[in-house]
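J.: Okay, so here is run24.cif, and as you'll see once you scroll down, it has mmCIF, C-alpha atoms and all ligand atoms.
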```
data_start
loop_
_atom_site.label_atom_id
_atom_site.label_comp_id
_atom_site.auth_asym_id
_atom_site.auth_seq_id
_atom_site.Cartn_x
_atom_site.Cartn_y
_atom_site.Cartn_z
CA MET A 1185 -69.48 -188.35 -151.42
CA ASN A 1186 -65.76 -187.54 -151.13
CA TRP A 1187 -64.09 -184.79 -149.17
CA GLU A 1188 -60.49 -183.96 -150.05
CA PRO A 1189 -59.43 -181.26 -147.54
CA TRP A 1190 -55.87 -181.43 -148.84
CA THR A 1191 -54.19 -183.09 -151.75
CA GLY A 1192 -50.77 -184.45 -152.66
CA CYS A 1193 -48.88 -187.25 -151.00
CA LYS A 1194 -45.51 -188.92 -150.60
CA PRO A 1195 -44.68 -192.60 -150.85
CA TYR A 1196 -44.71 -194.31 -147.50
CA SER A 1197 -44.58 -198.06 -147.96
CA GLU A 1198 -44.61 -200.91 -150.49
CA GLY A 1199 -48.27 -200.33 -151.34
CA CYS A 1200 -47.47 -196.81 -152.55
CA LYS A 1201 -45.08 -197.95 -155.32
CA ASN A 1202 -47.50 -197.42 -158.19
CA CYS A 1203 -49.69 -194.74 -156.65
CA TYR A 1204 -50.89 -192.10 -159.11
CA PHE A 1205 -50.50 -189.30 -156.64
CA TYR A 1206 -46.77 -188.82 -156.71
CA GLY A 1207 -43.86 -189.48 -159.03
CA PRO A 1208 -43.89 -189.24 -162.83
CA LEU A 1209 -47.67 -189.21 -163.05
CA ALA A 1210 -48.10 -186.61 -160.32
CA LYS A 1211 -48.61 -183.75 -162.76
CA ARG A 1212 -51.52 -185.51 -164.36
CA PHE A 1213 -53.15 -187.17 -161.39
CA GLY A 1214 -51.99 -185.37 -158.29
CA GLN A 1215 -48.92 -183.79 -156.84
CA ASN A 1216 -46.01 -184.24 -154.51
CA GLU A 1217 -46.67 -180.92 -152.82
CA ILE A 1218 -49.21 -181.23 -150.06
CA THR A 1219 -51.66 -178.33 -150.31
CA LYS A 1220 -55.05 -177.45 -148.90
CA THR A 1221 -57.85 -177.66 -151.44
CA ASP A 1222 -60.72 -175.23 -151.98
CA LYS A 1223 -62.96 -177.98 -150.54
CA PHE A 1224 -61.30 -177.75 -147.16
CA TYR A 1225 -64.41 -176.36 -145.45
CA LEU A 1226 -66.88 -178.50 -147.42
CA PRO A 1227 -68.44 -180.30 -144.41
CA VAL A 1228 -69.47 -177.00 -142.77
CA ARG A 1229 -70.12 -174.89 -145.87
CA LYS A 1230 -73.66 -173.45 -145.94
CA ASN A 1231 -75.97 -172.12 -148.65
CA ALA A 1232 -77.75 -168.75 -148.65
CA LYS A 1233 -80.51 -170.22 -146.47
CA GLY A 1234 -77.94 -171.17 -143.83
CA GLU A 1235 -78.26 -174.91 -144.50
CA TYR A 1236 -75.29 -177.22 -144.84
CA ILE A 1237 -74.50 -177.91 -148.49
CA VAL A 1238 -73.65 -181.52 -147.62
CA LYS A 1239 -76.92 -182.95 -146.34
CA GLY A 1240 -76.86 -185.01 -143.15
CA GLY A 1241 -77.37 -188.75 -142.95
CA GLY A 1242 -74.72 -189.76 -145.46
CA ILE A 1243 -71.10 -190.84 -145.56
CA LEU A 1244 -68.26 -188.44 -146.27
CA ALA A 1245 -65.19 -190.43 -147.29
CA THR A 1246 -61.97 -188.49 -147.08
CA CYS A 1247 -58.38 -188.39 -148.34
CA PHE A 1248 -58.34 -190.74 -151.33
CA ALA A 1249 -55.74 -188.55 -153.05
CA THR A 1250 -53.65 -188.00 -149.96
CA ASP A 1251 -53.39 -189.29 -146.37
CA PHE A 1252 -55.30 -187.77 -143.44
CA PHE A 1253 -52.31 -188.28 -141.10
CA LEU A 1254 -49.55 -186.75 -143.22
CA PRO A 1255 -47.10 -184.71 -141.11
CA GLU A 1256 -47.55 -181.78 -143.52
CA ALA A 1257 -51.22 -181.64 -142.48
CA ASP A 1258 -50.72 -181.68 -138.70
CA ASP A 1259 -51.95 -178.09 -138.24
CA TRP A 1260 -54.81 -178.37 -140.74
CA ARG A 1261 -55.98 -181.61 -139.13
CA LYS A 1262 -57.04 -179.72 -135.97
CA ASP A 1263 -59.60 -177.76 -138.03
CA ALA A 1264 -60.61 -180.93 -139.87
CA TRP A 1265 -61.36 -182.66 -136.57
CA ALA A 1266 -63.42 -179.65 -135.44
CA MET A 1267 -65.54 -179.89 -138.62
CA ILE A 1268 -65.96 -183.63 -138.13
CA LYS A 1269 -67.16 -183.03 -134.59
CA GLU A 1270 -69.59 -180.34 -135.73
CA ARG A 1271 -71.15 -182.69 -138.31
CA GLN A 1272 -72.32 -185.50 -136.02
CA ASP A 1273 -75.06 -186.12 -138.59
CA LEU A 1274 -72.48 -187.41 -141.10
CA ASP A 1275 -70.30 -190.51 -140.98
CA PHE A 1276 -66.68 -189.76 -141.80
CA LEU A 1277 -64.63 -192.51 -143.33
CA ILE A 1278 -60.89 -192.03 -143.01
CA LEU A 1279 -58.47 -194.37 -144.75
CA THR A 1280 -54.77 -194.27 -143.81
CA LYS A 1281 -51.43 -196.01 -144.11
CA ARG A 1282 -49.98 -193.74 -141.43
CA ILE A 1283 -51.91 -195.05 -138.43
CA ASP A 1284 -48.74 -194.64 -136.34
CA ARG A 1285 -49.40 -190.88 -136.52
CA PHE A 1286 -52.99 -191.20 -135.33
CA GLU A 1287 -52.41 -189.44 -132.01
CA VAL A 1288 -50.76 -186.36 -133.47
CA SER A 1289 -53.22 -183.40 -133.47
CA LEU A 1290 -55.97 -185.47 -131.89
CA PRO A 1291 -58.67 -183.22 -130.36
CA GLU A 1292 -58.60 -182.86 -126.58
CA ASP A 1293 -62.16 -184.13 -126.25
CA TRP A 1294 -61.57 -187.21 -128.39
CA GLY A 1295 -61.97 -189.55 -125.40
CA GLU A 1296 -62.74 -193.07 -126.63
CA GLY A 1297 -63.36 -191.69 -130.14
CA TYR A 1298 -66.08 -189.81 -131.99
CA GLU A 1299 -69.10 -191.97 -132.87
CA ASN A 1300 -69.20 -190.62 -136.42
CA VAL A 1301 -65.60 -191.54 -137.32
CA ASN A 1302 -64.80 -194.83 -139.00
CA ILE A 1303 -61.06 -195.31 -139.47
CA GLY A 1304 -59.67 -197.67 -142.05
CA CYS A 1305 -56.12 -198.94 -141.67
CA THR A 1306 -54.57 -199.95 -144.99
CA VAL A 1307 -52.28 -202.97 -145.07
CA GLU A 1308 -50.81 -204.31 -148.29
CA ASN A 1309 -48.68 -207.17 -146.95
CA GLN A 1310 -48.02 -209.14 -143.76
CA GLU A 1311 -45.23 -206.84 -142.62
CA ALA A 1312 -47.51 -203.79 -142.80
CA ALA A 1313 -50.28 -205.75 -141.03
CA ASP A 1314 -47.99 -206.82 -138.19
CA TYR A 1315 -46.70 -203.29 -137.67
CA ARG A 1316 -49.84 -201.20 -138.21
CA LEU A 1317 -52.67 -203.34 -136.85
CA PRO A 1318 -51.46 -203.74 -133.24
CA LEU A 1319 -51.16 -199.94 -133.12
CA PHE A 1320 -54.55 -199.53 -134.78
CA LEU A 1321 -56.17 -201.74 -132.14
CA SER A 1322 -54.40 -199.96 -129.29
CA PHE A 1323 -55.80 -196.50 -130.11
CA PRO A 1324 -59.17 -195.23 -128.88
CA ILE A 1325 -61.25 -195.59 -132.04
CA LYS A 1326 -64.98 -196.35 -131.95
CA ARG A 1327 -65.28 -197.86 -135.43
CA ARG A 1328 -62.53 -199.66 -137.32
CA PHE A 1329 -62.09 -201.32 -140.68
CA ILE A 1330 -59.11 -202.71 -142.58
CA ALA A 1331 -58.35 -202.15 -146.26
CA CYS A 1332 -56.03 -204.69 -147.89
CA ALA A 1333 -55.39 -202.63 -150.99
CA PRO A 1334 -53.42 -203.10 -153.03
CA LEU A 1335 -53.26 -206.70 -151.83
CA LEU A 1336 -49.69 -207.77 -152.63
CA GLU A 1337 -49.42 -211.16 -150.95
CA GLU A 1338 -51.23 -213.62 -148.71
CA ILE A 1339 -52.03 -211.93 -145.39
CA ASP A 1340 -53.17 -213.50 -142.14
CA LEU A 1341 -55.37 -210.98 -140.33
CA SER A 1342 -56.81 -213.46 -137.82
CA ALA A 1343 -55.00 -212.00 -134.81
CA TYR A 1344 -56.39 -208.52 -135.50
CA LEU A 1345 -60.03 -208.95 -136.42
CA GLN A 1346 -61.58 -209.00 -132.94
CA ALA A 1347 -62.35 -205.28 -132.83
CA VAL A 1348 -62.71 -204.66 -136.55
CA GLU A 1349 -66.13 -204.24 -138.20
CA HIS A 1350 -65.15 -204.75 -141.80
CA VAL A 1351 -62.42 -205.67 -144.30
CA THR A 1352 -62.15 -204.41 -147.88
CA VAL A 1353 -59.81 -206.14 -150.34
CA GLY A 1354 -58.63 -204.89 -153.74
CA GLY A 1355 -55.91 -205.52 -156.28
CA GLU A 1356 -53.53 -202.96 -157.69
CA THR A 1357 -54.56 -200.93 -160.70
CA GLY A 1358 -52.35 -199.51 -163.46
CA ARG A 1359 -49.88 -200.40 -166.18
CA ASP A 1360 -47.25 -201.67 -163.74
CA ALA A 1361 -49.72 -203.30 -161.37
CA ARG A 1362 -48.51 -206.22 -159.29
CA LEU A 1363 -50.36 -209.51 -159.14
CA CYS A 1364 -53.46 -210.11 -157.04
CA ASP A 1365 -54.12 -213.81 -156.45
CA TYR A 1366 -57.74 -214.84 -155.87
CA GLU A 1367 -56.54 -217.46 -153.36
CA TRP A 1368 -55.22 -214.66 -151.13
CA VAL A 1369 -58.58 -212.89 -151.38
CA LEU A 1370 -60.50 -216.03 -150.41
CA LYS A 1371 -58.25 -216.65 -147.44
CA ILE A 1372 -58.93 -213.18 -146.06
CA ARG A 1373 -62.64 -213.73 -146.64
CA GLU A 1374 -62.47 -216.93 -144.58
CA GLN A 1375 -60.75 -215.08 -141.76
CA CYS A 1376 -63.51 -212.44 -141.83
CA LEU A 1377 -66.30 -215.00 -141.76
CA LYS A 1378 -64.72 -216.70 -138.78
CA ALA A 1379 -64.31 -213.43 -136.89
CA GLY A 1380 -67.75 -212.06 -137.81
CA ALA A 1381 -66.39 -209.10 -139.79
CA THR A 1382 -68.08 -208.06 -143.03
CA PHE A 1383 -66.09 -208.42 -146.24
CA TRP A 1384 -65.99 -206.61 -149.60
CA PHE A 1385 -63.93 -207.64 -152.63
CA LYS A 1386 -63.75 -204.19 -154.20
CA ASN A 1387 -61.77 -204.85 -157.37
CA THR A 1388 -59.57 -207.49 -158.98
CA GLY A 1389 -56.73 -205.15 -159.88
CA SER A 1390 -55.12 -205.05 -163.32
CA LEU A 1391 -53.25 -208.34 -163.01
CA PHE A 1392 -55.48 -211.00 -161.54
CA LYS A 1393 -54.73 -214.68 -160.98
CA MET A 1394 -57.60 -217.11 -160.67
CA ASP A 1395 -57.64 -220.90 -161.11
CA GLY A 1396 -53.94 -220.77 -161.99
CA VAL A 1397 -54.50 -218.34 -164.88
CA ILE A 1398 -53.14 -214.79 -164.83
CA GLN A 1399 -55.18 -212.27 -166.77
CA LYS A 1400 -54.98 -208.55 -167.46
CA VAL A 1401 -58.20 -206.85 -166.46
CA ASN A 1402 -59.40 -203.59 -167.99
CA PRO A 1403 -59.67 -200.85 -165.32
CA TYR A 1404 -63.37 -200.40 -166.07
CA LYS A 1405 -64.08 -204.08 -165.46
CA GLN A 1406 -62.13 -204.67 -162.27
CA ALA A 1407 -64.95 -203.74 -159.89
CA SER A 1408 -67.70 -205.54 -161.80
CA MET A 1409 -65.57 -208.67 -162.16
CA ALA A 1410 -64.95 -208.73 -158.41
CA LYS A 1411 -68.67 -208.29 -157.75
CA GLU A 1412 -69.64 -211.06 -160.17
CA LEU A 1413 -67.55 -213.52 -158.19
CA GLY A 1414 -70.25 -213.14 -155.54
CA ILE A 1415 -68.05 -213.45 -152.45
CA ASP A 1416 -69.00 -210.19 -150.68
CA LYS A 1417 -70.57 -210.45 -147.27
CA LEU A 1418 -71.80 -207.00 -146.41
CA ASP A 1419 -74.92 -207.68 -144.30
CA GLY A 1420 -76.53 -204.57 -145.79
CA LYS A 1421 -73.57 -202.39 -144.88
CA LYS A 1422 -72.75 -199.47 -147.16
CA LEU A 1423 -69.20 -198.25 -146.81
CA PHE A 1424 -68.62 -195.88 -149.72
S1 LIG B 1 -50.29 -193.09 -148.82
FE1 LIG B 1 -51.88 -193.49 -150.39
S2 LIG B 1 -52.08 -191.56 -151.55
FE2 LIG B 1 -50.12 -191.49 -150.40
S3 LIG B 1 -48.57 -192.21 -151.84
FE3 LIG B 1 -49.26 -193.98 -150.60
S4 LIG B 1 -50.90 -194.92 -151.81
FE4 LIG B 1 -50.58 -192.86 -152.61
#
```
Mind converting the file's structure to structure tokens?
T.:
Amino acid sequence: MNWEPWTGCKPYSEGCKNCYFYGPLAKRFGQNEITKTDKFYLPVRKNAKGEYIVKGGGILATCFATDFFLPEADDWRKDAWAMIKERQDLDFLILTKRIDRFEVSLPEDWGEGYENVNIGCTVENQEAADYRLPLFLSFPIKRRFIACAPLLEEIDLSAYLQAVEHVTVGGETGRDARLCDYEWVLKIREQCLKAGATFWFKNTGSLFKMDGVIQKVNPYKQASMAKELGIDKLDGKKLF
């Protein structure tokens, strides 16, 4: 299940270039203005019987159409953290490109991190990896994963995988999508196997190169095509 406490975003790095959530397509798919949504209190909303609407035991993935650590959300994030703390029976999955803002608005009782928070640092190229991942590893976070999406070039993650549970890789989607080369995907997989991290090839992207051939892949087939390649190593893990 997804929880979008706020929506709207602004481009931040190379991986944002073709994001649907700002720019010419913003009106259709999202917006440049960052606003709270009517789902803000979803994790703690209750029904007439006083029970949480979102049942415990599952995963609540957040901020796919925005970024949890946007400066515009600094005040709202305090309430978001309080809800996350209240719902210890849910796992919260937070994906971000702005890991350098992790410590802003962090709750006072954060300590070494909440057990039910799994933070995913997104890196699209080596430059982003070399800037964001040392910071990511330096912060008190109990559970970490890396998302190489959209994967824009070969990335060596080896130096950063020691305290990371999992890596997800995906190509870029859309009309102007940049190439995703299967060789790059396989190399990251090798790094994960060596480090003992689980690995998920989520989608091929719209422009996928394999065995020297570049092909355009229909958006509805990108996930199934990645799965059919049979390279995932999830050890029973369910992330989304
Ligand atoms: S941070 Fe994510 S949601 Fe925001 S513009 Fe970049 S890709 Fe889009």
J.: For ligand LIG 1 (chain B), return the neighbouring residues as a ChimeraX atom specification (distance at most 8 Å; all atoms listed in the file).
T.: /A:1192-1197,1199-1206,1247-1251,1280-1282
J.: For the residues in that selection, give me C-alpha atoms as a PDB file, in the coordinates of the input.
T.:
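Printed below is part.pdb as written:
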```pdb
ATOM      1  CA  GLY A1192     -50.770-184.450-152.660  1.00  0.00           C
ATOM      2  CA  CYS A1193     -48.880-187.250-151.000  1.00  0.00           C
ATOM      3  CA  LYS A1194     -45.510-188.920-150.600  1.00  0.00           C
ATOM      4  CA  PRO A1195     -44.680-192.600-150.850  1.00  0.00           C
ATOM      5  CA  TYR A1196     -44.710-194.310-147.500  1.00  0.00           C
ATOM      6  CA  SER A1197     -44.580-198.060-147.960  1.00  0.00           C
ATOM      7  CA  GLY A1199     -48.270-200.330-151.340  1.00  0.00           C
ATOM      8  CA  CYS A1200     -47.470-196.810-152.550  1.00  0.00           C
ATOM      9  CA  LYS A1201     -45.080-197.950-155.320  1.00  0.00           C
ATOM     10  CA  ASN A1202     -47.500-197.420-158.190  1.00  0.00           C
ATOM     11  CA  CYS A1203     -49.690-194.740-156.650  1.00  0.00           C
ATOM     12  CA  TYR A1204     -50.890-192.100-159.110  1.00  0.00           C
ATOM     13  CA  PHE A1205     -50.500-189.300-156.640  1.00  0.00           C
ATOM     14  CA  TYR A1206     -46.770-188.820-156.710  1.00  0.00           C
ATOM     15  CA  CYS A1247     -58.380-188.390-148.340  1.00  0.00           C
ATOM     16  CA  PHE A1248     -58.340-190.740-151.330  1.00  0.00           C
ATOM     17  CA  ALA A1249     -55.740-188.550-153.050  1.00  0.00           C
ATOM     18  CA  THR A1250     -53.650-188.000-149.960  1.00  0.00           C
ATOM     19  CA  ASP A1251     -53.390-189.290-146.370  1.00  0.00           C
ATOM     20  CA  THR A1280     -54.770-194.270-143.810  1.00  0.00           C
ATOM     21  CA  LYS A1281     -51.430-196.010-144.110  1.00  0.00           C
ATOM     22  CA  ARG A1282     -49.980-193.740-141.430  1.00  0.00           C
TER      23      ARG A1282
END
```
J.: Just give me the gap between atom CA of A:Glu1367 and atom CA of A:Glu1349 in Å, one decimal is fine.
T.: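 A separation of 22.3 Å between them.
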J.: Find the spatial neighbours of A:Leu1336, counting all atoms listed in the file, within a cut-off of 7 Å - ignore same-chain residues fewer than 6 positions away - and output them as an NGL selection string.
T.: :A and (1308-1309 or 1362-1364)
J.: Find the distance between atom CA of A:Gly1389 and atom CA of A:Trp1190 and write it in Å to one decimal.
T.: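 Taking atom CA of A:Gly1389 as the start and atom CA of A:Trp1190 as the end point, the length is 26.2 Å.
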J.: Which one of A:Ala1245, A:Val1288, A:Val1238, A:Val1307 sits closest to A:Asp1259 if you count only C-alpha atoms?
T.: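 Of the candidates, the smallest distance to A:Asp1259 is held by A:Val1288.
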J.: Using all atoms listed in the file, which residues sit within 12 Å of A:Leu1335 once same-chain residues fewer than 4 positions away are excluded, as an mmCIF file with C-alpha atoms, in the coordinates of the input?
T.:
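Dumped to around-v7.cif:
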```cif
data_model
loop_
_atom_site.group_PDB
_atom_site.id
_atom_site.type_symbol
_atom_site.label_atom_id
_atom_site.label_comp_id
_atom_site.auth_asym_id
_atom_site.auth_seq_id
_atom_site.Cartn_x
_atom_site.Cartn_y
_atom_site.Cartn_z
ATOM 1 C CA GLU A 1198 -44.610 -200.910 -150.490
ATOM 2 C CA GLY A 1199 -48.270 -200.330 -151.340
ATOM 3 C CA CYS A 1200 -47.470 -196.810 -152.550
ATOM 4 C CA THR A 1306 -54.570 -199.950 -144.990
ATOM 5 C CA VAL A 1307 -52.280 -202.970 -145.070
ATOM 6 C CA GLU A 1308 -50.810 -204.310 -148.290
ATOM 7 C CA ASN A 1309 -48.680 -207.170 -146.950
ATOM 8 C CA GLN A 1310 -48.020 -209.140 -143.760
ATOM 9 C CA ALA A 1312 -47.510 -203.790 -142.800
ATOM 10 C CA ALA A 1313 -50.280 -205.750 -141.030
ATOM 11 C CA ILE A 1330 -59.110 -202.710 -142.580
ATOM 12 C CA ALA A 1331 -58.350 -202.150 -146.260
ATOM 13 C CA ILE A 1339 -52.030 -211.930 -145.390
ATOM 14 C CA ASP A 1340 -53.170 -213.500 -142.140
ATOM 15 C CA VAL A 1351 -62.420 -205.670 -144.300
ATOM 16 C CA THR A 1352 -62.150 -204.410 -147.880
ATOM 17 C CA VAL A 1353 -59.810 -206.140 -150.340
ATOM 18 C CA GLY A 1354 -58.630 -204.890 -153.740
ATOM 19 C CA GLY A 1355 -55.910 -205.520 -156.280
ATOM 20 C CA GLU A 1356 -53.530 -202.960 -157.690
ATOM 21 C CA THR A 1357 -54.560 -200.930 -160.700
ATOM 22 C CA ALA A 1361 -49.720 -203.300 -161.370
ATOM 23 C CA ARG A 1362 -48.510 -206.220 -159.290
ATOM 24 C CA LEU A 1363 -50.360 -209.510 -159.140
ATOM 25 C CA CYS A 1364 -53.460 -210.110 -157.040
ATOM 26 C CA ASP A 1365 -54.120 -213.810 -156.450
ATOM 27 C CA TYR A 1366 -57.740 -214.840 -155.870
ATOM 28 C CA GLU A 1367 -56.540 -217.460 -153.360
ATOM 29 C CA TRP A 1368 -55.220 -214.660 -151.130
ATOM 30 C CA VAL A 1369 -58.580 -212.890 -151.380
ATOM 31 C CA LEU A 1370 -60.500 -216.030 -150.410
ATOM 32 C CA LYS A 1371 -58.250 -216.650 -147.440
ATOM 33 C CA ILE A 1372 -58.930 -213.180 -146.060
ATOM 34 C CA PHE A 1385 -63.930 -207.640 -152.630
ATOM 35 C CA LYS A 1386 -63.750 -204.190 -154.200
ATOM 36 C CA ASN A 1387 -61.770 -204.850 -157.370
ATOM 37 C CA THR A 1388 -59.570 -207.490 -158.980
ATOM 38 C CA GLY A 1389 -56.730 -205.150 -159.880
ATOM 39 C CA SER A 1390 -55.120 -205.050 -163.320
ATOM 40 C CA LEU A 1391 -53.250 -208.340 -163.010
ATOM 41 C CA PHE A 1392 -55.480 -211.000 -161.540
#
```
J.: How would stretch 1253-1283 of chain A of the given structure read as a file with N, CA and C atoms, as a PDB file, in the first residue's frame?
T.:
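out-v6.pdb written:
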```pdb
ATOM      1  N   PHE A1253      12.060  14.055   2.042  1.00  0.00           N
ATOM      2  CA  PHE A1253      12.974  15.018   2.673  1.00  0.00           C
ATOM      3  C   PHE A1253      13.022  16.373   1.970  1.00  0.00           C
ATOM      4  N   LEU A1254      11.984  16.699   1.219  1.00  0.00           N
ATOM      5  CA  LEU A1254      11.903  18.023   0.594  1.00  0.00           C
ATOM      6  C   LEU A1254      11.924  19.123   1.660  1.00  0.00           C
ATOM      7  N   PRO A1255      12.644  20.231   1.395  1.00  0.00           N
ATOM      8  CA  PRO A1255      12.648  21.321   2.380  1.00  0.00           C
ATOM      9  C   PRO A1255      11.244  21.854   2.652  1.00  0.00           C
ATOM     10  N   GLU A1256      10.399  21.869   1.625  1.00  0.00           N
ATOM     11  CA  GLU A1256       9.037  22.395   1.779  1.00  0.00           C
ATOM     12  C   GLU A1256       8.229  21.580   2.785  1.00  0.00           C
ATOM     13  N   ALA A1257       8.688  20.364   3.084  1.00  0.00           N
ATOM     14  CA  ALA A1257       7.929  19.479   3.984  1.00  0.00           C
ATOM     15  C   ALA A1257       8.559  19.379   5.371  1.00  0.00           C
ATOM     16  N   ASP A1258       9.515  20.259   5.665  1.00  0.00           N
ATOM     17  CA  ASP A1258      10.235  20.128   6.945  1.00  0.00           C
ATOM     18  C   ASP A1258       9.291  20.146   8.153  1.00  0.00           C
ATOM     19  N   ASP A1259       8.296  21.044   8.133  1.00  0.00           N
ATOM     20  CA  ASP A1259       7.380  21.105   9.287  1.00  0.00           C
ATOM     21  C   ASP A1259       6.431  19.917   9.307  1.00  0.00           C
ATOM     22  N   TRP A1260       5.932  19.526   8.149  1.00  0.00           N
ATOM     23  CA  TRP A1260       4.988  18.398   8.078  1.00  0.00           C
ATOM     24  C   TRP A1260       5.666  17.090   8.485  1.00  0.00           C
ATOM     25  N   ARG A1261       6.977  17.001   8.194  1.00  0.00           N
ATOM     26  CA  ARG A1261       7.686  15.753   8.449  1.00  0.00           C
ATOM     27  C   ARG A1261       7.684  15.386   9.941  1.00  0.00           C
ATOM     28  N   LYS A1262       7.642  16.411  10.814  1.00  0.00           N
ATOM     29  CA  LYS A1262       7.605  16.114  12.256  1.00  0.00           C
ATOM     30  C   LYS A1262       6.366  15.284  12.586  1.00  0.00           C
ATOM     31  N   ASP A1263       5.215  15.693  12.023  1.00  0.00           N
ATOM     32  CA  ASP A1263       3.973  14.927  12.264  1.00  0.00           C
ATOM     33  C   ASP A1263       4.042  13.561  11.597  1.00  0.00           C
ATOM     34  N   ALA A1264       4.668  13.511  10.429  1.00  0.00           N
ATOM     35  CA  ALA A1264       4.801  12.221   9.728  1.00  0.00           C
ATOM     36  C   ALA A1264       5.620  11.249  10.569  1.00  0.00           C
ATOM     37  N   TRP A1265       6.720  11.732  11.144  1.00  0.00           N
ATOM     38  CA  TRP A1265       7.535  10.858  12.004  1.00  0.00           C
ATOM     39  C   TRP A1265       6.722  10.365  13.205  1.00  0.00           C
ATOM     40  N   ALA A1266       5.907  11.270  13.770  1.00  0.00           N
ATOM     41  CA  ALA A1266       5.099  10.873  14.946  1.00  0.00           C
ATOM     42  C   ALA A1266       4.130   9.744  14.564  1.00  0.00           C
ATOM     43  N   MET A1267       3.549   9.831  13.371  1.00  0.00           N
ATOM     44  CA  MET A1267       2.622   8.763  12.931  1.00  0.00           C
ATOM     45  C   MET A1267       3.381   7.460  12.702  1.00  0.00           C
ATOM     46  N   ILE A1268       4.567   7.580  12.138  1.00  0.00           N
ATOM     47  CA  ILE A1268       5.397   6.391  11.883  1.00  0.00           C
ATOM     48  C   ILE A1268       5.760   5.716  13.202  1.00  0.00           C
ATOM     49  N   LYS A1269       6.046   6.526  14.207  1.00  0.00           N
ATOM     50  CA  LYS A1269       6.384   5.962  15.516  1.00  0.00           C
ATOM     51  C   LYS A1269       5.165   5.278  16.144  1.00  0.00           C
ATOM     52  N   GLU A1270       4.010   5.922  15.989  1.00  0.00           N
ATOM     53  CA  GLU A1270       2.782   5.332  16.555  1.00  0.00           C
ATOM     54  C   GLU A1270       2.473   3.966  15.928  1.00  0.00           C
ATOM     55  N   ARG A1271       2.732   3.824  14.630  1.00  0.00           N
ATOM     56  CA  ARG A1271       2.391   2.576  13.944  1.00  0.00           C
ATOM     57  C   ARG A1271       3.597   1.628  13.864  1.00  0.00           C
ATOM     58  N   GLN A1272       4.046   1.165  15.022  1.00  0.00           N
ATOM     59  CA  GLN A1272       5.158   0.206  15.064  1.00  0.00           C
ATOM     60  C   GLN A1272       4.781  -1.121  14.407  1.00  0.00           C
ATOM     61  N   ASP A1273       3.481  -1.335  14.205  1.00  0.00           N
ATOM     62  CA  ASP A1273       3.016  -2.588  13.598  1.00  0.00           C
ATOM     63  C   ASP A1273       3.078  -2.539  12.067  1.00  0.00           C
ATOM     64  N   LEU A1274       3.529  -1.425  11.520  1.00  0.00           N
ATOM     65  CA  LEU A1274       3.687  -1.305  10.060  1.00  0.00           C
ATOM     66  C   LEU A1274       5.146  -1.041   9.728  1.00  0.00           C
ATOM     67  N   ASP A1275       5.575  -1.546   8.576  1.00  0.00           N
ATOM     68  CA  ASP A1275       6.909  -1.187   8.079  1.00  0.00           C
ATOM     69  C   ASP A1275       6.772  -0.011   7.118  1.00  0.00           C
ATOM     70  N   PHE A1276       7.537   1.028   7.342  1.00  0.00           N
ATOM     71  CA  PHE A1276       7.484   2.187   6.453  1.00  0.00           C
ATOM     72  C   PHE A1276       8.716   2.185   5.550  1.00  0.00           C
ATOM     73  N   LEU A1277       8.432   2.303   4.279  1.00  0.00           N
ATOM     74  CA  LEU A1277       9.501   2.281   3.286  1.00  0.00           C
ATOM     75  C   LEU A1277       9.632   3.677   2.676  1.00  0.00           C
ATOM     76  N   ILE A1278      10.767   4.291   2.882  1.00  0.00           N
ATOM     77  CA  ILE A1278      10.938   5.688   2.452  1.00  0.00           C
ATOM     78  C   ILE A1278      12.083   5.784   1.449  1.00  0.00           C
ATOM     79  N   LEU A1279      11.733   6.203   0.241  1.00  0.00           N
ATOM     80  CA  LEU A1279      12.710   6.305  -0.837  1.00  0.00           C
ATOM     81  C   LEU A1279      13.083   7.777  -1.027  1.00  0.00           C
ATOM     82  N   THR A1280      14.384   8.076  -1.146  1.00  0.00           N
ATOM     83  CA  THR A1280      14.742   9.499  -1.297  1.00  0.00           C
ATOM     84  C   THR A1280      16.003   9.713  -2.136  1.00  0.00           C
ATOM     85  N   LYS A1281      16.017  10.846  -2.824  1.00  0.00           N
ATOM     86  CA  LYS A1281      17.259  11.316  -3.454  1.00  0.00           C
ATOM     87  C   LYS A1281      17.947  12.338  -2.571  1.00  0.00           C
ATOM     88  N   ARG A1282      17.200  12.841  -1.563  1.00  0.00           N
ATOM     89  CA  ARG A1282      17.719  13.941  -0.744  1.00  0.00           C
ATOM     90  C   ARG A1282      18.206  13.432   0.617  1.00  0.00           C
ATOM     91  N   ILE A1283      19.009  12.386   0.604  1.00  0.00           N
ATOM     92  CA  ILE A1283      19.474  11.806   1.863  1.00  0.00           C
ATOM     93  C   ILE A1283      20.314  12.818   2.649  1.00  0.00           C
TER      94      ILE A1283
END
```
